[in-house]
Amino acid sequence: MTRIAAKLVVAAAIVGATVLPLSATNPGTRVPRRVDVVIDAHMGHFTPRVIRVHRGDTVHVTMRAMDAAHGFKIQGREDVDVTAYPGMPAEVTFVADWMGGREWFCTFNCGPRHGSMTGMITVVRDEEQL
């Protein structure tokens, strides 16, 4: 091996060691995960009503409309806004990149109890239990 090639191999090894993910250099750090949630929308309520995830987790929601069309939108997130119909679930994926709680709500005027169709997604710190 030439000297230049040997120097490149050593340089690549040094660079590779410095860009390891934080979790590889600090075993106490939690790695973000994918969280799959199925939400059933019934007139007047969602099941479940509360979702807890860690900051940085990727959340994949499948919403099933059980009786009429229902919407799903998270407060402050313009990219999370879907509508499901009976027999036609809606899916959306997003990263939980905030701390604390955000309300989600039905965006489709689904009937007389439309105003009570809300839920909460709570994003907690790494060290907190779900």
# chains A, B, ... in the order shown; residues from 1 in each chain; ligands from 1

call {"tool": "residues_around", "arguments": {"residues": "Asp67 in chain A", "least_positions_apart": "3", "cutoff": "12 Å", "atoms": "only C-alpha atoms", "output": "ChimeraX atom specification"}}
result
/A:40-46,64,70,84-89,110-111

call {"tool": "select_by_dssp", "arguments": {"residues": "range 46-85 of chain A", "states": "strand (DSSP E or B)", "output": "list in words"}}
result
Phe46, Thr47, Val50, Ile51, Arg52, Val53, His54, Thr58, Val59, His60, Val61, Thr62, Met63, Arg64, Ala65, His70, Gly71, Phe72, Lys73, Ile74, Asp81, Val82, Thr83, Ala84 and Tyr85 of chain A

call {"tool": "atom_distance", "arguments": {"atom1": "CA of Glu128 in chain A", "atom2": "CA of Arg77 in chain A"}}
result
23.8 Å

call {"tool": "closest_residue", "arguments": {"among": "A:Thr118, A:Thr107, A:Thr29, A:Thr47", "to": "Val80 in chain A", "atoms": "only C-alpha atoms"}}
result
A:Thr107

call {"tool": "closest_residue", "arguments": {"among": "A:Asp36, A:Glu78, A:Asp57, A:Asp126", "to": "Glu91 in chain A", "atoms": "only C-alpha atoms"}}
result
A:Asp36

call {"tool": "closest_residue", "arguments": {"among": "A:Gly56, A:Pro32, A:Gly71, A:Pro48", "to": "Ile121 in chain A", "atoms": "only C-alpha atoms"}}
result
A:Pro48

call {"tool": "atom_distance", "arguments": {"atom1": "CA of Gly100 in chain A", "atom2": "CA of Arg49 in chain A"}}
result
15.5 Å

call {"tool": "select_by_dssp", "arguments": {"residues": "range 19-130 of chain A", "states": "helix (DSSP H, G or I)", "output": "VMD selection string"}}
result
chain A and resid 22 to 25 114 to 116

call {"tool": "residues_around", "arguments": {"residues": "Phe105 in chain A", "least_positions_apart": "6", "cutoff": "8 Å", "atoms": "only C-alpha atoms", "output": "PyMOL selection string"}}
result
chain A and resi 71-75+117-119

call {"tool": "closest_residue", "arguments": {"among": "A:Val53, A:Glu127, A:Arg34, A:Met63", "to": "Trp98 in chain A", "atoms": "only C-alpha atoms"}}
result
A:Val53

call {"tool": "residues_around", "arguments": {"residues": "Val59 in chain A", "least_positions_apart": "4", "cutoff": "10 Å", "atoms": "only C-alpha atoms", "output": "MDAnalysis selection string"}}
result
chainID A and resid 33:37 51 53:54 92:96

call {"tool": "atom_distance", "arguments": {"atom1": "CA of Leu130 in chain A", "atom2": "CA of Glu103 in chain A"}}
result
17.7 Å

call {"tool": "closest_residue", "arguments": {"among": "A:Val50, A:Ala65, A:Val123, A:Ala90", "to": "Trp104 in chain A", "atoms": "only C-alpha atoms"}}
result
A:Val50

call {"tool": "closest_residue", "arguments": {"among": "A:Gly101, A:Gly76, A:Cys106, A:Gly115", "to": "Ile39 in chain A", "atoms": "only C-alpha atoms"}}
result
A:Cys106
